[in-house]
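So the structure is just underneath, and the comments pick up after that.
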Amino acid sequence: MTTSYATHMPAGDAAVQSPAERARVRRTGLWVFMGVVTMLFFLFSVAYVMRMAASDWRVLPAPPWQLWASTALLAGSSLAWASAARGGSAGASALRADGTISLAAARAASRATARGGAEVQAASAASNQAGGAMLAVAVLLSLAFIGMQLWAWEAMRAMNYPLAANPANSFFYMITGLHGLHVLGGLVAAAFVWRARDKLAVSLCARYWHFLLALWLAMFGLLFLMTPERVDIICNSFQ
Amino acid sequence: MGLALALVLIVVATTAFHLVSPWWLTPLASNWAQMDDALMLTLVITGVAFIVINLFVAYMLVKFRHREGVRASPEHGSKKLEWWLIAVTTAGVVALLAPGLSVYAKLISPPPDAMVIEVLGQQWQWHFRLAGKDGKLGQTDISHISAANPFGLNPDDPNGQDDTLVAGQEIHMPLNKPVKVILRSQDVLHDFYVPEFRTRMNMVPGMITSFWLTPTKAGRFEVLCAQLCGVGHYDMRSAVVVEDEESFKRWLAAQPTLASLSQHSEEGAVADWAMSDVGKQGRLLAQARGCTACHSVDGSPGVGPSWKGLYGKMEVMSDGSTVKADEAYLHESIVSPQARIVKGFSPVMPPQQLSEAEVTALIDYIKTIKGEVH
Amino acid sequence: MAYGSGHTDHGSEHGDHGPQSFWTKYVWSQDHKVIAVQYSVTAILVGLVALVLSDLMRLQLGFPGKFAFIDATRYYQFMTMHGMIMVIYLLTALFLGGFGNYLIPLMLGARDMVFPFLNMLSYWVYLLAVVILMASFFVPGGPTGAGWTLYPPQAILPGTPGVEWGIVVMLISLAVFIVAATMGGLNYVTTVLQARTRGMTLMRMPLTVWGIFVATILALLAFPALFVSAVMMMLDKLLGTSFFMPAVVSMGQHLGHSGGSPLLFQHLFWFFGHPEVYIVALPAFGIISDLISVHARKCIFGYRMMVWAIVIIGGLSFVVWAHHMYVSGMHPYFGFFFATTTLVIAVPTALKVYNWTLTLWRGDIHLTVPMLFAIGFISTFLIGGLTGLFLGNVSVDIPLSNTYFVVAHFHMVMGVSPVLAVFGGIYHWYPKVTGRMFHEGLARFHFWGSFLGAYLIFFPMHYLGVLGMPRRYYAYENYSFIPDSAQALNEYISVVAIIVGVIQLAFVINMAWSAFYGRRADPNPWRAASLEWFTPDTPPVHGNWGHSLPVVYRGAYDYGKPDGDSDYVPQNVGPEQDDSAAARHGAARPSHAPAEEVPK
């Protein structure tokens with residue numbers, strides 16, 4: 001005789017996860033991924049600092065202006081993503097619990113207020129459009145960032161700091177290159193977001209871009225501010 | 001049941017194996033008996049654990065095998081027992097670590113009066129250097145390494161002029177005197193390993209590493225490279241001869257110094273050797289300079305073509321052409337090995353720093369290694 | 001009443017659209033179970049390649065010079081590929097991608113992994129990594145012969161086989177594998193954190209899940225170190241940078257590198273490499289805990305401590321790496337630190353061995369095929385772990401480093417015991433995955449051959465290491481300190497190794513044949529309590545659980561019930577339905593006293 005105990009329990013037995021659960025899952029996934037990327041760049045940094053101890057270390061020159069420009073571009077992109085994530089606030093009634101926007105509900109809501117709320121309708125449509133526009137701005141600024149980084153590479157080469165000449169150079173190209181690859185990867189994900197118009201995805205992208213900015217600032221600082229003397233000071237302060 | 005029996009058998013067989021095994025530590029030839037003691041202590045502690053746990057499992061497999069109507073105990077565990085076991089294990093770990101670390105502390109502290117010997121590793125041979133009468137080794141740098149200067153000695157450093165640059169692949173050490181072996185490499189990682197000495201260390205290009213010991217037994221001990229260094233790794237041989245002070249001094253005096261080598265750079269070291277049998281000095285040279293690491297004399301395959309029956313043979317080169325291995329060909333192969341590569345072999349032979357007389361000696365030797373008569 | 005897996009409620013009602021065509025069901029599948037099988041089959045196939053390579057190595061070692069095609073170049077290539085395939089492409093992929101993918105959702109009561117598309121991608125990227133690696137056999141110069149540890153400078157200098165193409169292909173393959181592992185790892189970690197069914201707290205998860213979960217965290221944090229090393233080595237090789245390359249004179253040529261540090265590579269590599277061995281070992285630990293528990297009908301001894309041990313071992317695994325570098329020439333003071341941490345990590349590991357053993361105490365031991373392998377694991381892991389104490393203690397390690405003692409140690413502790421855990425796990429879950437039983441006789445033959453064979457091969461090998469025979473030697477001719485008997489021993493080891501290699505065919509044949517012709521299995525033939533045995537269908541279908549997800553009321557180890565019809569209570573059985581609980585509140589009978597009637 002077989003009795004099933006488990007399969008007829010009520011409540012909590014939805015076939016698919018609820019949208020709120022799904023949102024939590026996606027957020028967790030992104031945090032884990034950002035943790036992995038952090039580890040990667042942490043290890044590069046460790047290698048960089050260890051390598052600095054060698055006698056043939058030659059400090060990098062002052063950063064070429066392109067790197068300041070690219071920092072601004074990435075910061076701008078981060079702001080644009082944040083704005084895109086916030087976009088559509090006037091359509092709050094159309095916001096589902098999972099963060100997706102129901103256009104049908106938005107239209108229905110705005111029709112209901114049409115009699116006295118033409119401005120509301122216009123405002124909500126405008127803010128939806130604004131969100132979409134911000135997304136495009138963010139992507140464009142990121143692409144510009146990549147372009148500016150490549151220009152910076154060219155500038156370094158022109159200043160006679162090519163890849164293999166000394167270890168500091170090598171680290172510069174390698175670390176900025178890998179950071180750029182992670183930005184490109186983010187752009188690929190952003191392409192999917194564009195198609196899906198998924199509000200949670202937009203806010204996850206924004207989070208990832210803030211992470212990329214923080215990572216870039218950390219690497220920028222490491223490459224151009226960290227010298228063997230400063231490493232010594234830090235290490236000695238532990239003794 | 002069978003499994004329990006198997007476990008008991010394993011315990012019995014492994015213990016018996018240990019007791020009768022002819023393969024155990026080589027006889028100690030250095031002062032590091034404490035390392036052997038640490039090994040034995042570890043063996044005893046781990047051996048007891050191995051035997052006890054295996055037998056315990058075997059016992060339980062029998063005692064608690066499934067029987068009709070009997071169920072397992074519902075217990076979930078015992079925190080008390082677990083903590084007790086942790087305590088015992090920790091005690092065991094401390095018992096192992098304490099002697100191990102105290103020996104290690106001695107291992108990394110060479111006595112200040114230890115005699116210094118330098119070993120330079122190269123794919124796939126060894127070079128040895130000792131300080132001369134001034135007691136100071138000359139400065140070296142990789143940029144100075146060349147065919148004429150295999151040690152990379154700085155020609156402007158006066159300390160290096162009287163350095164003994166050992167000829168051949170054999171280094172001598174005086175008995176019962178502490179020796180600090182400093183290690184360099186010019187290309188890849190190597191490791192100067194003499195099993196009888198117990199202690200050893202990797203040789204790292206770009207770094208100087210070291211270890212120290214006091215040889216306590218006279219004899220000739222083989223040196224093995226113990227860090228993978230390419231296809232010749234298994235045949236990178238040399239030897240350490242430990243002898244009394246007098247014999248060591250005699251040997252040392254017979255070794256060339258940098259100063260003496262620059263005077264005799266034309267004849268090289270061959271002039272000092274007796275020219276007796278045809279091919280003998282070539283054979284000695286081939287062994288001394290590591291040629292036999294890659295070129296066999298019995299026809300067995302190696303990194304490089306075998307010398308058996310080589311002279312006069314028609315060799316196929318990598319570009320498909322056929323060449324007769326005459327004296328001119330052999331000369332070119334030794335002096336400019338990259339010029340032509342035999343088909344099926346990699347272009348890895350380093351150019352050799354040999355005098356003309358030495359090259360001739362080698363060719364004479366190769367001529368004596370006949371192949372099969374067809 | 002007996003517990004069953006429920007009526008066959010077909011999962012198609014649950015509103016999820018399952019895959020329809022052959023291609024979406026079995027090839028481009030996003031179903032974790034299909035992906036798991038894909039991973040497992042690929043890993044085992046590539047593992048068989050590596051097994052053949054090891055037999056070729058043994059042919060040379062046992063019968064030196066007799067097989068002309070195994071020259072030094074090929075020997076080192078076989079050796080490198082054998083090691084890399086076994087550690088990364090077989091063991092890591094099989095434990096995480098195979099066992100992890102299949103078991104995690106089922107053991108947690110989830111319908112699938114949380115990112116099914118990413119999961120599917122991770123398999124295809126893994127397959128790409130395997131293809132790239134196999135391609136190295138066909139590039140000019142052949143695969144790299146630098147040893148699986150790929151130490152510079154020799155890995156990228158002439159004198160080592162594969163220096164033109166092989167090393168580059170290897171590094172690319174590793175980078176691709178790491179991408180796949182990250183995609184998979186994201187899934188396993190997030191699923192464990194977010195997709196457990198109602199009532200499944202972390203401390204109710206089976207130890208198999210704990211082992212794979214912590215191993216995955218290790219993988220996510222450790223593989224970046226390998227990635228960093230691979231990128232830097234590739235730059236050194238292809239673009240002439242000097243991350244790892246000091247100034248060298250190679251084959252008479254002064255090369256353009258300068259200032260790099262070979263030791264930097266070793267630190268980075270082993271920062272990955274040591275956690276890697278726990279990535280392999282921790283899932284094995286978890287699986288063994290479950291096998292012993294189920295087949296001895298007894299709760300795992302000290303579940304909480306077992307969980308803590310897994311977590312602590314995982315954490316400590318990041319601070320022991322330089323015990324692989326005692327003779328590397330690193331600063332001597334590091335030796336003190338790493339010897340201490342290494343011997344400290346022995347303590348939680350030993351605790352796990354004690355707890356497995358104590359689980360057997362007063363158990364009700366059924367010597368089923370999975371149990372045979374579990375016991376075999378205890379014995380072989382014991383010796384493997386104990387020899388680790390020799391190598392972890394810095395001064396004892398120094399004469400043994402790079403000798404056959406190390407080879408014997410890591411084969412026992414990585415190659416034998418986790419593989420026995422793999423076999424045990426596959427036999428254990430086989431009826432769940434296929435719905436059929438494997439052939440019992442063939443499986444027992446496979447066990448005995450592998451278990452005894454492993455001892456016969458690797459136990460004597462330790463002694464060759466103590467003697468001082470270095471590893472990674474193509475031949476040992478004319479070394480006077482090596483007696484002729486050692487060569488005889490090598491010959492004997494080679495013969496046994498080849499026999500054991502052939503015996504593995506019994507496993508492959510059994511798996512393939514039984515999948516089609518094996519006796520149809522009961523949905524829960526081992527009467528196990530964990531959730532995966534209670535799917536409505538066996539094998540489980542898409543969506544796993546039918547209309548409703550299971551609810552969990554207890555841990556996964558409620559065995560040894562003294563009263564009631566059954567000696568265990570499944571995880572998804574509530575207190576009201578648990579008749580043994582009712583009896584327990586009355587006059588409880590002591591265990592090991594005969595019950596009136598105890599159905600199987």
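Residues are referred to by chain and number: the chain letter is A, B, ... according to the order shown in the structure tokens, the number counts from 1 in that chain, and ligands are numbered separately from 1 in the order shown.
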Within 10 Å of stretch 161-170 of chain A, counting only C-alpha atoms, which residues show up once you throw out same-chain ones fewer than 2 positions away? Write them as a PDB file with C-alpha atoms, in the first residue's frame, please.
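In the end it all went to part.pdb:
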ATOM      1  CA  TYR A  48      50.428  43.230  -8.332  1.00  0.00           C
ATOM      2  CA  ARG A  51      55.361  41.851  -7.861  1.00  0.00           C
ATOM      3  CA  MET A  52      56.035  45.388  -6.739  1.00  0.00           C
ATOM      4  CA  ALA A  54      60.956  43.155  -7.155  1.00  0.00           C
ATOM      5  CA  ASP A  56      63.052  46.227 -11.323  1.00  0.00           C
ATOM      6  CA  TRP A  57      59.747  47.888 -10.512  1.00  0.00           C
ATOM      7  CA  ARG A  58      59.139  51.103 -12.382  1.00  0.00           C
ATOM      8  CA  VAL A  59      56.148  53.106 -11.261  1.00  0.00           C
ATOM      9  CA  LEU A  60      53.558  53.982 -13.868  1.00  0.00           C
ATOM     10  CA  PRO A  61      53.492  57.586 -15.076  1.00  0.00           C
ATOM     11  CA  TRP A 153      45.973  52.143 -24.090  1.00  0.00           C
ATOM     12  CA  GLU A 154      47.045  53.894 -27.234  1.00  0.00           C
ATOM     13  CA  ALA A 155      48.113  56.903 -25.218  1.00  0.00           C
ATOM     14  CA  MET A 156      50.217  54.754 -22.904  1.00  0.00           C
ATOM     15  CA  ARG A 157      51.884  53.130 -25.861  1.00  0.00           C
ATOM     16  CA  ALA A 158      52.570  56.533 -27.365  1.00  0.00           C
ATOM     17  CA  MET A 159      54.161  57.617 -24.081  1.00  0.00           C
ATOM     18  CA  PHE A 172      48.052  47.957 -16.290  1.00  0.00           C
ATOM     19  CA  TYR A 173      46.986  46.493 -19.611  1.00  0.00           C
ATOM     20  CA  MET A 174      45.914  43.196 -18.132  1.00  0.00           C
ATOM     21  CA  ILE A 175      43.804  44.622 -15.320  1.00  0.00           C
ATOM     22  CA  LEU A 223      47.642  51.048 -10.451  1.00  0.00           C
ATOM     23  CA  PHE A 224      48.477  54.702 -10.031  1.00  0.00           C
TER      24      PHE A 224
ATOM     25  CA  MET C 232      49.346  35.924 -16.770  1.00  0.00           C
ATOM     26  CA  LEU C 235      50.605  36.911 -21.609  1.00  0.00           C
ATOM     27  CA  ASP C 236      54.128  35.793 -20.710  1.00  0.00           C
ATOM     28  CA  LEU C 239      53.217  38.715 -25.571  1.00  0.00           C
ATOM     29  CA  GLY C 240      56.550  38.480 -23.832  1.00  0.00           C
ATOM     30  CA  THR C 241      55.514  39.928 -20.493  1.00  0.00           C
ATOM     31  CA  SER C 242      57.415  38.913 -17.367  1.00  0.00           C
ATOM     32  CA  PHE C 243      54.851  38.119 -14.721  1.00  0.00           C
ATOM     33  CA  PHE C 244      56.434  34.784 -13.931  1.00  0.00           C
ATOM     34  CA  GLY C 256      63.812  39.001 -23.288  1.00  0.00           C
ATOM     35  CA  HIS C 257      62.038  38.376 -20.012  1.00  0.00           C
ATOM     36  CA  SER C 258      63.242  39.799 -16.748  1.00  0.00           C
ATOM     37  CA  GLY C 259      62.187  40.233 -13.171  1.00  0.00           C
ATOM     38  CA  GLY C 260      59.259  37.834 -13.083  1.00  0.00           C
TER      39      GLY C 260
END
Enumerate, as a ChimeraX atom specification, the complete set of residues in stretch 369-516 of chain C that a backbone-based DSSP assignment places in alpha helix (DSSP H). /C:369-392,394-400,404-410,417-434,440-467,484-516
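By chain and then residue number, the residues within 7 Å of C:Val433 are Trp429, Tyr430 and Pro539 of chain C, counting only C-alpha atoms and disregarding those fewer than 3 positions away in sequence.
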Given the choices C:Gly329, C:Gly199, C:Gly147, C:Pro483, which gets closest to B:Ser210 if the distance is worked out from only C-alpha atoms?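 That would be C:Gly329, the residue with the smallest distance to B:Ser210.
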Counting only C-alpha atoms, the option among C:Ala497, C:Ala443, C:Val189, C:Ala215 closest to A:Thr28: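 Closest residue, counting only C-alpha atoms: C:Val189.
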Taking only C-alpha atoms into account, which of C:Met234, C:Met305, C:Met120, C:Ala281 comes nearest chain A?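 Between C:Met234, C:Met305, C:Met120, C:Ala281, the residue approaching chain A most closely is C:Met234.
Residues within 8 Å of stretch 88-94 of chain B, counting only C-alpha atoms and excluding same-chain residues fewer than 3 positions away, are B:Ile45, B:Trp84, B:Leu85, B:Leu97, B:Ala98, C:Leu343, C:Val344, C:Ala346, C:Val347, C:Ala350.
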Put those residues in a file: C-alpha atoms, as an mmCIF file, in the first residue's frame.
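Below you can see result_13.cif, which holds the result:
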data_model
loop_
_atom_site.group_PDB
_atom_site.id
_atom_site.type_symbol
_atom_site.label_atom_id
_atom_site.label_comp_id
_atom_site.auth_asym_id
_atom_site.auth_seq_id
_atom_site.Cartn_x
_atom_site.Cartn_y
_atom_site.Cartn_z
ATOM 1 C CA ILE B 45 51.234 7.511 15.272
ATOM 2 C CA TRP B 84 37.024 13.932 23.526
ATOM 3 C CA LEU B 85 38.075 12.645 20.115
ATOM 4 C CA LEU B 97 54.086 19.205 14.939
ATOM 5 C CA ALA B 98 56.359 20.028 17.855
ATOM 6 C CA LEU C 343 48.042 19.901 10.689
ATOM 7 C CA VAL C 344 45.173 21.873 12.196
ATOM 8 C CA ALA C 346 43.652 17.416 10.031
ATOM 9 C CA VAL C 347 41.500 17.733 13.142
ATOM 10 C CA ALA C 350 39.761 13.255 11.461
#
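Atom CA of C:Arg519 to atom CA of C:His446 spans 18.9 Å [interatomic distance, one decimal].
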If I take atom CA of A:Asn236 and atom CA of A:Val49, how far is one from the other in Å, to one decimal? 14.2 Å
Skipping near chain neighbours, those fewer than 5 positions away, what residues fall within 10 Å of B:His127 using only C-alpha atoms, listed as a PDB file with N, CA and C atoms, in the first residue's frame?
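Below you can see around-v7.pdb, which holds the result:
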ATOM      1  N   GLU B 118      78.413  26.498  -4.269  1.00  0.00           N
ATOM      2  CA  GLU B 118      77.317  26.960  -5.118  1.00  0.00           C
ATOM      3  C   GLU B 118      77.050  25.923  -6.182  1.00  0.00           C
ATOM      4  N   VAL B 119      75.751  25.674  -6.397  1.00  0.00           N
ATOM      5  CA  VAL B 119      75.342  24.787  -7.481  1.00  0.00           C
ATOM      6  C   VAL B 119      74.506  25.608  -8.450  1.00  0.00           C
ATOM      7  N   LEU B 120      74.883  25.531  -9.704  1.00  0.00           N
ATOM      8  CA  LEU B 120      74.105  26.232 -10.729  1.00  0.00           C
ATOM      9  C   LEU B 120      73.432  25.180 -11.594  1.00  0.00           C
ATOM     10  N   GLY B 121      72.131  25.285 -11.729  1.00  0.00           N
ATOM     11  CA  GLY B 121      71.396  24.304 -12.522  1.00  0.00           C
ATOM     12  C   GLY B 121      71.142  24.813 -13.921  1.00  0.00           C
ATOM     13  N   GLN B 122      71.195  23.896 -14.837  1.00  0.00           N
ATOM     14  CA  GLN B 122      70.950  24.237 -16.231  1.00  0.00           C
ATOM     15  C   GLN B 122      70.286  23.027 -16.851  1.00  0.00           C
ATOM     16  N   PRO B 150      79.980  30.059 -18.328  1.00  0.00           N
ATOM     17  CA  PRO B 150      78.726  29.390 -17.973  1.00  0.00           C
ATOM     18  C   PRO B 150      78.190  29.798 -16.608  1.00  0.00           C
ATOM     19  N   PHE B 151      79.068  30.303 -15.725  1.00  0.00           N
ATOM     20  CA  PHE B 151      78.593  30.681 -14.398  1.00  0.00           C
ATOM     21  C   PHE B 151      78.077  32.115 -14.351  1.00  0.00           C
ATOM     22  N   LEU B 165      85.984  26.743 -10.287  1.00  0.00           N
ATOM     23  CA  LEU B 165      84.886  26.353 -11.171  1.00  0.00           C
ATOM     24  C   LEU B 165      85.088  24.872 -11.485  1.00  0.00           C
ATOM     25  N   VAL B 166      84.304  24.052 -10.822  1.00  0.00           N
ATOM     26  CA  VAL B 166      84.545  22.615 -10.900  1.00  0.00           C
ATOM     27  C   VAL B 166      84.318  22.117 -12.325  1.00  0.00           C
ATOM     28  N   ALA B 167      85.280  21.303 -12.775  1.00  0.00           N
ATOM     29  CA  ALA B 167      85.128  20.701 -14.094  1.00  0.00           C
ATOM     30  C   ALA B 167      84.370  19.393 -13.940  1.00  0.00           C
ATOM     31  N   GLY B 168      83.372  19.206 -14.724  1.00  0.00           N
ATOM     32  CA  GLY B 168      82.681  17.924 -14.658  1.00  0.00           C
ATOM     33  C   GLY B 168      81.486  17.954 -13.723  1.00  0.00           C
ATOM     34  N   GLN B 169      80.860  16.828 -13.614  1.00  0.00           N
ATOM     35  CA  GLN B 169      79.579  16.736 -12.915  1.00  0.00           C
ATOM     36  C   GLN B 169      79.744  16.078 -11.551  1.00  0.00           C
ATOM     37  N   GLU B 170      80.802  16.398 -10.870  1.00  0.00           N
ATOM     38  CA  GLU B 170      81.009  15.766  -9.569  1.00  0.00           C
ATOM     39  C   GLU B 170      81.538  16.817  -8.606  1.00  0.00           C
ATOM     40  N   ILE B 171      80.891  16.957  -7.460  1.00  0.00           N
ATOM     41  CA  ILE B 171      81.344  17.921  -6.463  1.00  0.00           C
ATOM     42  C   ILE B 171      81.815  17.152  -5.235  1.00  0.00           C
ATOM     43  N   ARG B 184      71.442  28.160  -7.577  1.00  0.00           N
ATOM     44  CA  ARG B 184      70.945  29.083  -8.596  1.00  0.00           C
ATOM     45  C   ARG B 184      70.529  28.263  -9.798  1.00  0.00           C
ATOM     46  N   SER B 185      69.735  28.902 -10.634  1.00  0.00           N
ATOM     47  CA  SER B 185      69.388  28.235 -11.879  1.00  0.00           C
ATOM     48  C   SER B 185      69.430  29.260 -12.986  1.00  0.00           C
ATOM     49  N   SER B 238      74.359  14.082 -11.392  1.00  0.00           N
ATOM     50  CA  SER B 238      75.736  14.371 -11.013  1.00  0.00           C
ATOM     51  C   SER B 238      75.987  13.594  -9.731  1.00  0.00           C
ATOM     52  N   ARG B 289      79.791  16.536 -19.503  1.00  0.00           N
ATOM     53  CA  ARG B 289      79.047  17.702 -19.966  1.00  0.00           C
ATOM     54  C   ARG B 289      77.575  17.400 -20.179  1.00  0.00           C
TER      55      ARG B 289
END
Contacts of B:Val297 within 9 Å, only C-alpha atoms, excl. fewer than 4 positions in-chain, as a PyMOL selection string: chain B and resi 292+306-309+366+369
Write a file of the selected residues as a tab-separated table (two decimals), in the first residue's frame, keeping C-alpha atoms.
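Generated output (selection-v1.tsv):
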chain	number	residue	atom	x	y	z
B	292	THR	CA	74.49	11.45	-22.46
B	306	SER	CA	71.28	8.02	-30.35
B	307	TRP	CA	75.02	7.94	-31.07
B	308	LYS	CA	74.98	4.24	-31.70
B	309	GLY	CA	76.02	3.70	-35.29
B	366	ILE	CA	81.17	8.94	-31.46
B	369	ILE	CA	80.14	3.63	-31.06
Selection near A:Arg26, 10 Å with only C-alpha atoms, sequence-local residues under 4 positions removed, as a list in words: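 So the residues in contact are Glu21, Arg22, Leu30, Trp31, Val32, Leu200, Ala201 and Leu204 of chain A; Val114, Phe115, Thr190 and Gln194 of chain C.
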For the residues in that selection, give me C-alpha atoms as a tab-separated table (two decimals), in the first residue's frame.
chain	number	residue	atom	x	y	z
A	21	GLU	CA	10.87	34.73	-4.52
A	22	ARG	CA	12.14	34.90	-8.07
A	30	LEU	CA	24.06	38.66	-8.85
A	31	TRP	CA	25.64	39.06	-5.39
A	32	VAL	CA	27.36	35.69	-5.74
A	200	LEU	CA	14.04	44.11	-11.77
A	201	ALA	CA	16.62	43.35	-14.42
A	204	LEU	CA	20.12	44.50	-11.16
C	114	VAL	CA	17.25	28.67	-10.15
C	115	PHE	CA	18.91	29.65	-13.42
C	190	THR	CA	21.87	30.33	-5.23
C	194	GLN	CA	17.01	30.43	-2.11
Suppose you want the space between atom CA of C:Val552 and atom CA of C:Asn572; what is it in Å?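 Computed distance, atom CA of C:Val552 to atom CA of C:Asn572, equals 4.4 Å.
Of the listed residues A:Ser77, A:Lys199, A:Phe192, A:Leu181, the one whose atoms come nearest to A:Leu140 is A:Ser77, with distances taken using only C-alpha atoms.
Comparing the minimum interatomic distances between chain B and each of C:Ala72, C:Ile426, C:Val280, C:Val406, counting only C-alpha atoms, we find that C:Ala72 sits nearest.
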